[in-house]
Amino acid sequence: MIRRFSRSISVQSRVSILQTIDLTIRYGQIRAIDRVNLTVEDDEIVTLIGANGSGKSTLLKGVLGVQRASQGKVLFRGRDITGSGTDRIVGLGIAMVPEGRGIVAEMSVMENLELGAFHRRDPVEPEMRTVLEWFPILAQRTRQLAGLLSGGEQQMLAVARAMMAKPTLIMMDEPSLGLAPIVVGNLFEILSRVNQQGQAILLAEQNARKALKIGHRGYVFDRGRIALEATCQQLLKNELVRRSYLGG
Amino acid sequence: MEAFIAYFEAGIVSGAIYSLIGIGMNLLLVVSNVVQFAYGEIVVISMYMCWLTLKATGSYALAFTIPLITSMALSLLVEPLLRGLRARKLRTETLVITIAVGLILTETMAVFLNSGLPIAFPAKIVGGGWDTGFGLIRVSAADIYVVTAAVGLMLALLYFLFKTRHGKGLRAIAHNIEAARLLGIPLRRETILSFLIAGFLSGVTAILFVFTIGVATPELGQLVTFKGLAVMMLGGMGSLKGAVFGGLLLGLIECMVRGYFIGDWVDAIAMGCIMIVIIAKPGGLFGEAHGEG
Amino acid sequence: MYVENLLITVCVFIILAWACYLPLLGGQLFNGPVYCAGISGYFAAYVTKVLGWPVALGFFGGVIFSGFVAFGLAFFLAPLTMFQMAVVTIALIFIFQTTFRNLDFLGGVTGMSGIPSVDHLVVVSFTAIFICLVLLHRLYKSRWGRALEAVEADRIMASAMGVDQYRMSIALQSAAGTMGGLAGAIYAFNLGTMHPDIFGFGQLLYCFTIVFVGGRFTPWGPMLLAPVLWLIPEFFPSSIAQFRNIFFGAVVILCLLTMPKGLVTKRTVARVEIFLRSVFQRAH
């Protein structure tokens, strides 16, 4: 009777959406990320900031299974996904908005959106409608080749595509790269709204200020390790962070 | 003039078959990044299996399913050989392996199947059984089968590629493999799918050859592969639409040459085309749809 | 007599394998040696049998003529990528075979027989092997060898470092073609007949096997493997002998999957060299 009781308790306790335990990824002799421990909980935006090459991208790729972990574990909703194939991980509910957007330029906007839902078996019309409502620019150009969109529009497409998967977690790798400030502002506003709907987001960004402004918690990466971990508000006020990443 | 129309009609028919070959080979190229040098040999060995089945059982139904099974099975058997190398991007090695597979298949035919003697299909199925027309211009049942099958398959493939989930997945892989990977599209499964489709197409090609040519020798395999290559070159490496055009062009040229010139130069034409195109316009007549030339 | 024949044939195929190996050093999959062997063989056969030229002239004529053909074609083939060159040269094998088959003065489909024989062909063969080996070894150690390695590793970088690839490709092709011609001439005089099917896809597979299995980064691999590969089937009972090509094909595939660098790699050669040197020193 006690066992049954404790089992029901563990079902109630919160499991992080994403948790990495001592995750280490090596490229040959170099440790791209070294014993990284981080978590992402429901409903929150977690921001990763840090210099170029500090390991943020590698972390995302490691979670997605594109890079093999040398040590450590990745848990998704409590489930060990270390070493699983990318297709399985995406199928479990992680959607990626890659660096450089990763859209298929030779296919239409509509087809790119449909690709986002590749793993889903249920009808996608509801999500399609929602997404086209949120991104009217895309709605106007569903038949156009994705390659003809501007940088900002492609970024919207990449986000919309990720939403099509009805994912548990959206990961974003440097979304502001190559975009004009106004566009970036627009984009981050949309990310905020998406998050308010209950979507968990893991965001790796070089544009530290904007990223920390919309984030709840943040991690600072330095040469493959986590140098600092705090709420985004605290990070914004932190002296070191301000000097290194926010331009003093 | 009559002769011209007759040659033209024959050209369209062979062209249709060549297009199918080109489409199969291009599909493998864009999805799996492999030039299948054993493609023609798979077609011909399927013809042999068809003939053997017919001889052994006399059942047409069986005789026309076996080639499809053979070609798909062989195609699937080749895939794992290339998998490890594709990942490491060793292109020469994949080329040599597919050539070696092709040569093994040719030798298998030469040694085991019918002791290497040419096979000939019964006269009543070659040509389909009837023909009509006037003067030199004749249209046989086989011609109609071929064109119908070719067009039908092309439309089916189009539908598959543009209207189904897996088809779009294949196209995504063909256009941008990294994006496809990050989208969670299962690369290995889709690659196997492309081999399966190519295998099916080669099986149908074998059946169409049975109806049109009616004979086969072990050496035919290599020749068919090279004609397929010529089609790919003419239409642009990797371009499915180009393959349709390239196939028809090759078919027409061959038939015109066969009609108007003497000597057994027909097969060398395909080779000549390949050479000329590679040397003059390495991307194919219509430019490249796919990187590596 | 039989032994002589065997030795000569082995020499022929070693030279042919080397001819295929040479361009691979520079990153080119050039199958020219196969059709150059055919061209040279036919040339020698025709001029000695039909035109009555002296054998020596026919021999060298064949070699030079095929080298010339390779040289001429090289201008067109030099700018191609590895894949394109492989395809075009395979196509050329086929085209030349078809041409030989259709030319009646060369005997058409049945070919020519009754080619006059050469005395001491064994000596000629061994001399040829020796010369080729010396040349290849010198090349390997020279400035050109370095250049070849650079190109094989990375074409773009090699150009940036000033290697003139166009000219190098022409040189490689001509050399490979000439070597192929050498093999072809010896073979024609040894066999006494020449017909279109001799130098075709079977030979191609054989060359692939030797080069890719033996090791395409040093000349020793092909040299050691050629006799082995040639002799193994000779010892099969005749019932299995017909599986020769299947055997080669399977061996190539297996090798490429498990040992992409071949059996004898540069490392192996280096180790052997170190070993030999240490033996030498101890002897002193």
# chains A, B, ... in the order shown; residues from 1 in each chain; ligands from 1
>>> closest_atom_pairs(of="chain B", to="chain A", cutoff="6 Å", atoms="only C-alpha atoms", output="CSV")
residue,atom,partner,partner_atom,distance
B:Asn176,CA,A:Val104,CA,6.0
B:Ala179,CA,A:Gly102,CA,4.9
B:Gly184,CA,A:Asp87,CA,3.9
B:Ile185,CA,A:Asp87,CA,5.6
B:Pro186,CA,A:Asp87,CA,5.1
>>> write_last_selection(atoms="N, CA and C atoms", output="CSV table (one decimal), in the first residue's frame")
chain,number,residue,atom,x,y,z
B,176,ASN,N,17.9,19.5,-49.7
B,176,ASN,CA,18.7,20.1,-48.6
B,176,ASN,C,18.8,19.0,-47.5
B,179,ALA,N,18.9,20.2,-43.7
B,179,ALA,CA,17.6,20.6,-43.2
B,179,ALA,C,16.7,19.4,-42.9
B,184,GLY,N,14.1,15.9,-38.6
B,184,GLY,CA,13.8,14.6,-38.1
B,184,GLY,C,13.3,13.6,-39.2
B,185,ILE,N,13.5,14.0,-40.4
B,185,ILE,CA,13.1,13.0,-41.5
B,185,ILE,C,14.1,11.9,-41.4
B,186,PRO,N,13.6,10.7,-41.3
B,186,PRO,CA,14.5,9.5,-41.1
B,186,PRO,C,15.2,9.2,-42.4
>>> residues_around(residues="C:Gly61", least_positions_apart="3", cutoff="8 Å", atoms="only C-alpha atoms", output="list in words")
Ser40, Phe43, Ala44, Leu57, Gly58, Ile64 and Phe65 of chain C
>>> closest_atom_pairs(of="chain C", to="chain B", cutoff="9 Å", atoms="only C-alpha atoms", output="JSON lines")
{"residue": "C:Leu29", "atom": "CA", "partner": "B:Thr92", "partner_atom": "CA", "distance": 7.9}
{"residue": "C:Phe76", "atom": "CA", "partner": "B:Ile279", "partner_atom": "CA", "distance": 6.5}
{"residue": "C:Leu77", "atom": "CA", "partner": "B:Ile279", "partner_atom": "CA", "distance": 7.0}
{"residue": "C:Pro79", "atom": "CA", "partner": "B:Ile279", "partner_atom": "CA", "distance": 8.5}
{"residue": "C:Leu80", "atom": "CA", "partner": "B:Ile279", "partner_atom": "CA", "distance": 7.6}
{"residue": "C:Thr81", "atom": "CA", "partner": "B:Gly293", "partner_atom": "CA", "distance": 7.5}
{"residue": "C:Met82", "atom": "CA", "partner": "B:Thr92", "partner_atom": "CA", "distance": 7.6}
{"residue": "C:Phe83", "atom": "CA", "partner": "B:Gly293", "partner_atom": "CA", "distance": 7.1}
{"residue": "C:Gln84", "atom": "CA", "partner": "B:Gly293", "partner_atom": "CA", "distance": 6.4}
{"residue": "C:Met85", "atom": "CA", "partner": "B:Ile278", "partner_atom": "CA", "distance": 8.7}
{"residue": "C:Ala86", "atom": "CA", "partner": "B:Leu95", "partner_atom": "CA", "distance": 8.7}
{"residue": "C:Val87", "atom": "CA", "partner": "B:Ile274", "partner_atom": "CA", "distance": 8.3}
{"residue": "C:Val88", "atom": "CA", "partner": "B:Met275", "partner_atom": "CA", "distance": 5.5}
{"residue": "C:Thr89", "atom": "CA", "partner": "B:Met275", "partner_atom": "CA", "distance": 8.6}
{"residue": "C:Ala91", "atom": "CA", "partner": "B:Met271", "partner_atom": "CA", "distance": 5.3}
{"residue": "C:Leu92", "atom": "CA", "partner": "B:Met271", "partner_atom": "CA", "distance": 7.4}
{"residue": "C:Phe94", "atom": "CA", "partner": "B:Ala268", "partner_atom": "CA", "distance": 7.4}
{"residue": "C:Ile95", "atom": "CA", "partner": "B:Ala268", "partner_atom": "CA", "distance": 5.7}
{"residue": "C:Thr98", "atom": "CA", "partner": "B:Ala268", "partner_atom": "CA", "distance": 6.8}
{"residue": "C:Thr99", "atom": "CA", "partner": "B:Trp265", "partner_atom": "CA", "distance": 8.4}
{"residue": "C:Arg101", "atom": "CA", "partner": "B:Asp264", "partner_atom": "CA", "distance": 8.9}
{"residue": "C:Asn102", "atom": "CA", "partner": "B:Asp264", "partner_atom": "CA", "distance": 7.1}
{"residue": "C:Phe201", "atom": "CA", "partner": "B:Leu103", "partner_atom": "CA", "distance": 8.0}
{"residue": "C:Gly202", "atom": "CA", "partner": "B:Leu103", "partner_atom": "CA", "distance": 8.0}
{"residue": "C:Leu205", "atom": "CA", "partner": "B:Ala100", "partner_atom": "CA", "distance": 6.9}
{"residue": "C:Phe208", "atom": "CA", "partner": "B:Val96", "partner_atom": "CA", "distance": 7.5}
{"residue": "C:Phe212", "atom": "CA", "partner": "B:Glu93", "partner_atom": "CA", "distance": 8.8}
{"residue": "C:Gln242", "atom": "CA", "partner": "B:Val111", "partner_atom": "CA", "distance": 7.0}
{"residue": "C:Phe243", "atom": "CA", "partner": "B:Val111", "partner_atom": "CA", "distance": 7.5}
{"residue": "C:Arg244", "atom": "CA", "partner": "B:Glu107", "partner_atom": "CA", "distance": 8.9}
{"residue": "C:Asn245", "atom": "CA", "partner": "B:Glu107", "partner_atom": "CA", "distance": 6.6}
{"residue": "C:Ile246", "atom": "CA", "partner": "B:Ile104", "partner_atom": "CA", "distance": 4.9}
{"residue": "C:Phe247", "atom": "CA", "partner": "B:Ile104", "partner_atom": "CA", "distance": 8.2}
{"residue": "C:Phe248", "atom": "CA", "partner": "B:Ala100", "partner_atom": "CA", "distance": 8.3}
{"residue": "C:Gly249", "atom": "CA", "partner": "B:Ala100", "partner_atom": "CA", "distance": 5.0}
{"residue": "C:Ala250", "atom": "CA", "partner": "B:Ile104", "partner_atom": "CA", "distance": 7.5}
{"residue": "C:Val252", "atom": "CA", "partner": "B:Ala100", "partner_atom": "CA", "distance": 7.1}
{"residue": "C:Ile253", "atom": "CA", "partner": "B:Ile97", "partner_atom": "CA", "distance": 5.5}
{"residue": "C:Leu256", "atom": "CA", "partner": "B:Glu93", "partner_atom": "CA", "distance": 6.6}
{"residue": "C:Leu257", "atom": "CA", "partner": "B:Leu81", "partner_atom": "CA", "distance": 7.4}
{"residue": "C:Pro260", "atom": "CA", "partner": "B:Glu93", "partner_atom": "CA", "distance": 7.7}
>>> write_last_selection(atoms="C-alpha atoms", output="tab-separated table (two decimals), in the first residue's frame")
chain	number	residue	atom	x	y	z
C	29	LEU	CA	40.03	7.53	-62.04
C	76	PHE	CA	39.55	17.08	-73.61
C	77	LEU	CA	39.57	14.97	-70.53
C	79	PRO	CA	39.45	19.40	-66.83
C	80	LEU	CA	37.00	16.73	-65.73
C	81	THR	CA	36.16	15.75	-62.19
C	82	MET	CA	36.99	12.29	-60.98
C	83	PHE	CA	33.52	11.02	-61.53
C	84	GLN	CA	33.16	12.52	-65.00
C	85	MET	CA	36.51	11.15	-66.05
C	86	ALA	CA	35.64	7.69	-64.81
C	87	VAL	CA	32.42	7.71	-66.78
C	88	VAL	CA	33.91	9.12	-69.96
C	89	THR	CA	36.80	6.68	-70.00
C	91	ALA	CA	32.38	5.07	-72.33
C	92	LEU	CA	35.54	5.28	-74.41
C	94	PHE	CA	32.98	0.80	-75.12
C	95	ILE	CA	33.31	3.12	-78.08
C	98	THR	CA	32.51	-1.01	-80.97
C	99	THR	CA	34.85	0.67	-83.43
C	101	ARG	CA	34.14	-4.59	-84.00
C	102	ASN	CA	32.92	-2.57	-86.95
C	201	PHE	CA	34.99	-4.50	-69.03
C	202	GLY	CA	36.48	-7.71	-67.71
C	205	LEU	CA	37.21	-5.04	-63.29
C	208	PHE	CA	39.98	-2.11	-60.34
C	212	PHE	CA	41.71	-0.92	-55.11
C	242	GLN	CA	34.32	-19.50	-64.65
C	243	PHE	CA	33.51	-17.64	-61.45
C	244	ARG	CA	36.66	-15.65	-61.81
C	245	ASN	CA	35.04	-12.33	-62.44
C	246	ILE	CA	32.44	-12.85	-59.77
C	247	PHE	CA	35.29	-13.61	-57.43
C	248	PHE	CA	37.07	-10.37	-58.36
C	249	GLY	CA	33.90	-8.36	-58.02
C	250	ALA	CA	33.15	-9.74	-54.60
C	252	VAL	CA	36.65	-5.55	-54.59
C	253	ILE	CA	33.42	-4.86	-52.80
C	256	LEU	CA	36.37	-1.33	-50.27
C	257	LEU	CA	33.97	-1.80	-47.42
C	260	PRO	CA	39.28	1.46	-48.29
>>> closest_atom_pairs(of="stretch 112-210 of chain B", to="stretch 54-78 of chain B", cutoff="12 Å", atoms="only C-alpha atoms", output="CSV")
residue,atom,partner,partner_atom,distance
B:Asn114,CA,B:Lys55,CA,11.1
B:Ile119,CA,B:Lys55,CA,10.8
B:Ala120,CA,B:Lys55,CA,10.9
B:Phe121,CA,B:Leu54,CA,9.0
B:Pro122,CA,B:Leu54,CA,9.6
B:Ile125,CA,B:Tyr60,CA,10.0
B:Arg189,CA,B:Leu76,CA,11.5
B:Thr191,CA,B:Leu76,CA,10.1
B:Ile192,CA,B:Leu76,CA,7.0
B:Leu193,CA,B:Leu76,CA,9.0
B:Ser194,CA,B:Leu76,CA,9.5
B:Phe195,CA,B:Ser75,CA,5.8
B:Leu196,CA,B:Met72,CA,5.6
B:Ile197,CA,B:Met72,CA,7.7
B:Ala198,CA,B:Ser75,CA,7.4
B:Gly199,CA,B:Met72,CA,4.1
B:Phe200,CA,B:Met72,CA,5.5
B:Leu201,CA,B:Leu68,CA,8.3
B:Ser202,CA,B:Ser71,CA,6.3
B:Gly203,CA,B:Leu68,CA,4.3
B:Val204,CA,B:Leu68,CA,6.6
B:Thr205,CA,B:Leu68,CA,9.3
B:Ala206,CA,B:Pro67,CA,7.0
B:Ile207,CA,B:Phe64,CA,6.9
B:Leu208,CA,B:Phe64,CA,10.2
B:Phe209,CA,B:Pro67,CA,11.4
B:Val210,CA,B:Phe64,CA,9.8
>>> write_last_selection(atoms="C-alpha atoms", output="mmCIF file, in the first residue's frame")
data_model
loop_
_atom_site.group_PDB
_atom_site.id
_atom_site.type_symbol
_atom_site.label_atom_id
_atom_site.label_comp_id
_atom_site.auth_asym_id
_atom_site.auth_seq_id
_atom_site.Cartn_x
_atom_site.Cartn_y
_atom_site.Cartn_z
ATOM 1 C CA ASN B 114 20.834 -20.224 -69.465
ATOM 2 C CA ILE B 119 17.262 -15.537 -74.125
ATOM 3 C CA ALA B 120 14.363 -14.979 -76.441
ATOM 4 C CA PHE B 121 10.771 -14.499 -75.472
ATOM 5 C CA PRO B 122 7.985 -16.247 -77.332
ATOM 6 C CA ILE B 125 4.237 -11.724 -76.553
ATOM 7 C CA ARG B 189 14.447 4.856 -44.163
ATOM 8 C CA THR B 191 16.966 6.249 -48.701
ATOM 9 C CA ILE B 192 15.805 2.658 -48.585
ATOM 10 C CA LEU B 193 12.491 3.852 -49.952
ATOM 11 C CA SER B 194 14.228 5.470 -52.894
ATOM 12 C CA PHE B 195 16.063 2.228 -53.633
ATOM 13 C CA LEU B 196 12.776 0.390 -53.471
ATOM 14 C CA ILE B 197 11.125 2.751 -55.919
ATOM 15 C CA ALA B 198 14.101 2.604 -58.259
ATOM 16 C CA GLY B 199 13.975 -1.166 -58.009
ATOM 17 C CA PHE B 200 10.316 -1.158 -58.937
ATOM 18 C CA LEU B 201 10.955 1.105 -61.896
ATOM 19 C CA SER B 202 13.715 -1.166 -63.137
ATOM 20 C CA GLY B 203 11.411 -4.156 -62.836
ATOM 21 C CA VAL B 204 8.805 -2.446 -64.970
ATOM 22 C CA THR B 205 11.513 -1.484 -67.445
ATOM 23 C CA ALA B 206 12.469 -5.139 -67.677
ATOM 24 C CA ILE B 207 8.910 -6.106 -68.493
ATOM 25 C CA LEU B 208 8.674 -3.373 -71.105
ATOM 26 C CA PHE B 209 11.898 -4.607 -72.668
ATOM 27 C CA VAL B 210 10.396 -8.066 -72.848
#
>>> select_by_dssp(residues="stretch 32-217 of chain B", states="strand (DSSP E)", output="JSON, numbers by chain")
{"B": [119, 120, 131, 132, 133, 134, 137, 138, 139, 140, 215, 216]}
>>> atom_distance(atom1="atom CA of C:Pro222", atom2="atom CA of C:Trp18")
6.6 Å
>>> residues_around(residues="B:Leu248", least_positions_apart="5", cutoff="8 Å", atoms="only C-alpha atoms", output="list of chain:residue names")
B:Gly11, B:Ile12, B:Ser14, B:Gly15, B:Ala16, B:Tyr18, B:Ser19
>>> write_last_selection(atoms="C-alpha atoms", output="compact mmCIF listing (two decimals), in the first residue's frame")
# COMPACT_ATOMS: atom_id res chain seq x y z
CA GLY B 11 11.93 6.64 -81.24
CA ILE B 12 9.13 7.74 -78.96
CA SER B 14 12.26 3.53 -76.96
CA GLY B 15 12.48 7.05 -75.65
CA ALA B 16 9.71 6.33 -73.19
CA TYR B 18 14.84 5.31 -71.65
CA SER B 19 13.07 8.06 -69.75
>>> atom_distance(atom1="atom CA of A:Val220", atom2="atom CA of A:Ile49")
5.1 Å
>>> select_by_dssp(residues="stretch 201-242 of chain B", states="helix (DSSP H, G or I)", output="number ranges by chain")
B: 201-212, 220-235, 240-242
>>> residues_around(residues="A:Glu99", least_positions_apart="4", cutoff="9 Å", atoms="only C-alpha atoms", output="list in words")
Ser57, Met172, Asp173, Glu174, Pro175 and Leu177 of chain A
>>> decode(residues="stretch 192-245 of chain A", atoms="C-alpha atoms", output="mmCIF file, in the first residue's frame")
data_model
loop_
_atom_site.group_PDB
_atom_site.id
_atom_site.type_symbol
_atom_site.label_atom_id
_atom_site.label_comp_id
_atom_site.auth_asym_id
_atom_site.auth_seq_id
_atom_site.Cartn_x
_atom_site.Cartn_y
_atom_site.Cartn_z
ATOM 1 C CA SER A 192 7.173 35.729 -26.432
ATOM 2 C CA ARG A 193 3.631 35.246 -27.591
ATOM 3 C CA VAL A 194 4.295 31.653 -28.556
ATOM 4 C CA ASN A 195 5.699 31.031 -25.121
ATOM 5 C CA GLN A 196 2.676 32.615 -23.474
ATOM 6 C CA GLN A 197 0.578 29.939 -25.107
ATOM 7 C CA GLY A 198 2.481 27.435 -23.000
ATOM 8 C CA GLN A 199 5.324 26.525 -25.339
ATOM 9 C CA ALA A 200 8.713 25.782 -23.797
ATOM 10 C CA ILE A 201 11.603 27.316 -25.718
ATOM 11 C CA LEU A 202 15.363 26.807 -25.496
ATOM 12 C CA LEU A 203 17.045 29.738 -27.165
ATOM 13 C CA ALA A 204 20.730 30.074 -28.032
ATOM 14 C CA GLU A 205 21.515 33.621 -29.001
ATOM 15 C CA GLN A 206 24.397 35.965 -29.539
ATOM 16 C CA ASN A 207 22.187 38.984 -29.233
ATOM 17 C CA ALA A 208 22.293 38.703 -25.452
ATOM 18 C CA ARG A 209 20.244 41.741 -24.547
ATOM 19 C CA LYS A 210 17.106 40.919 -26.524
ATOM 20 C CA ALA A 211 17.361 37.224 -25.661
ATOM 21 C CA LEU A 212 17.648 37.863 -21.939
ATOM 22 C CA LYS A 213 14.746 40.304 -22.086
ATOM 23 C CA ILE A 214 12.276 37.657 -23.215
ATOM 24 C CA GLY A 215 13.828 34.767 -21.289
ATOM 25 C CA HIS A 216 12.914 33.457 -17.855
ATOM 26 C CA ARG A 217 16.129 31.690 -16.934
ATOM 27 C CA GLY A 218 19.517 31.856 -18.554
ATOM 28 C CA TYR A 219 22.859 30.106 -18.765
ATOM 29 C CA VAL A 220 26.105 31.771 -19.739
ATOM 30 C CA PHE A 221 28.434 29.608 -21.791
ATOM 31 C CA ASP A 222 32.157 30.121 -21.719
ATOM 32 C CA ARG A 223 34.509 27.857 -23.632
ATOM 33 C CA GLY A 224 32.236 24.871 -23.428
ATOM 34 C CA ARG A 225 31.314 25.216 -19.778
ATOM 35 C CA ILE A 226 28.495 26.900 -17.966
ATOM 36 C CA ALA A 227 29.961 29.929 -16.273
ATOM 37 C CA LEU A 228 26.821 31.327 -14.784
ATOM 38 C CA GLU A 229 23.261 30.241 -14.196
ATOM 39 C CA ALA A 230 20.496 32.544 -13.013
ATOM 40 C CA THR A 231 17.185 34.116 -13.909
ATOM 41 C CA CYS A 232 17.384 36.361 -16.938
ATOM 42 C CA GLN A 233 16.545 39.399 -14.839
ATOM 43 C CA GLN A 234 19.519 38.685 -12.605
ATOM 44 C CA LEU A 235 21.789 38.132 -15.607
ATOM 45 C CA LEU A 236 20.750 41.426 -17.130
ATOM 46 C CA LYS A 237 21.899 43.199 -13.976
ATOM 47 C CA ASN A 238 25.078 41.159 -13.495
ATOM 48 C CA GLU A 239 28.302 43.212 -13.833
ATOM 49 C CA LEU A 240 30.304 40.533 -15.639
ATOM 50 C CA VAL A 241 27.529 39.751 -18.046
ATOM 51 C CA ARG A 242 26.991 43.415 -18.793
ATOM 52 C CA ARG A 243 30.637 43.952 -19.550
ATOM 53 C CA SER A 244 31.173 40.827 -21.609
ATOM 54 C CA TYR A 245 27.957 40.435 -23.508
#
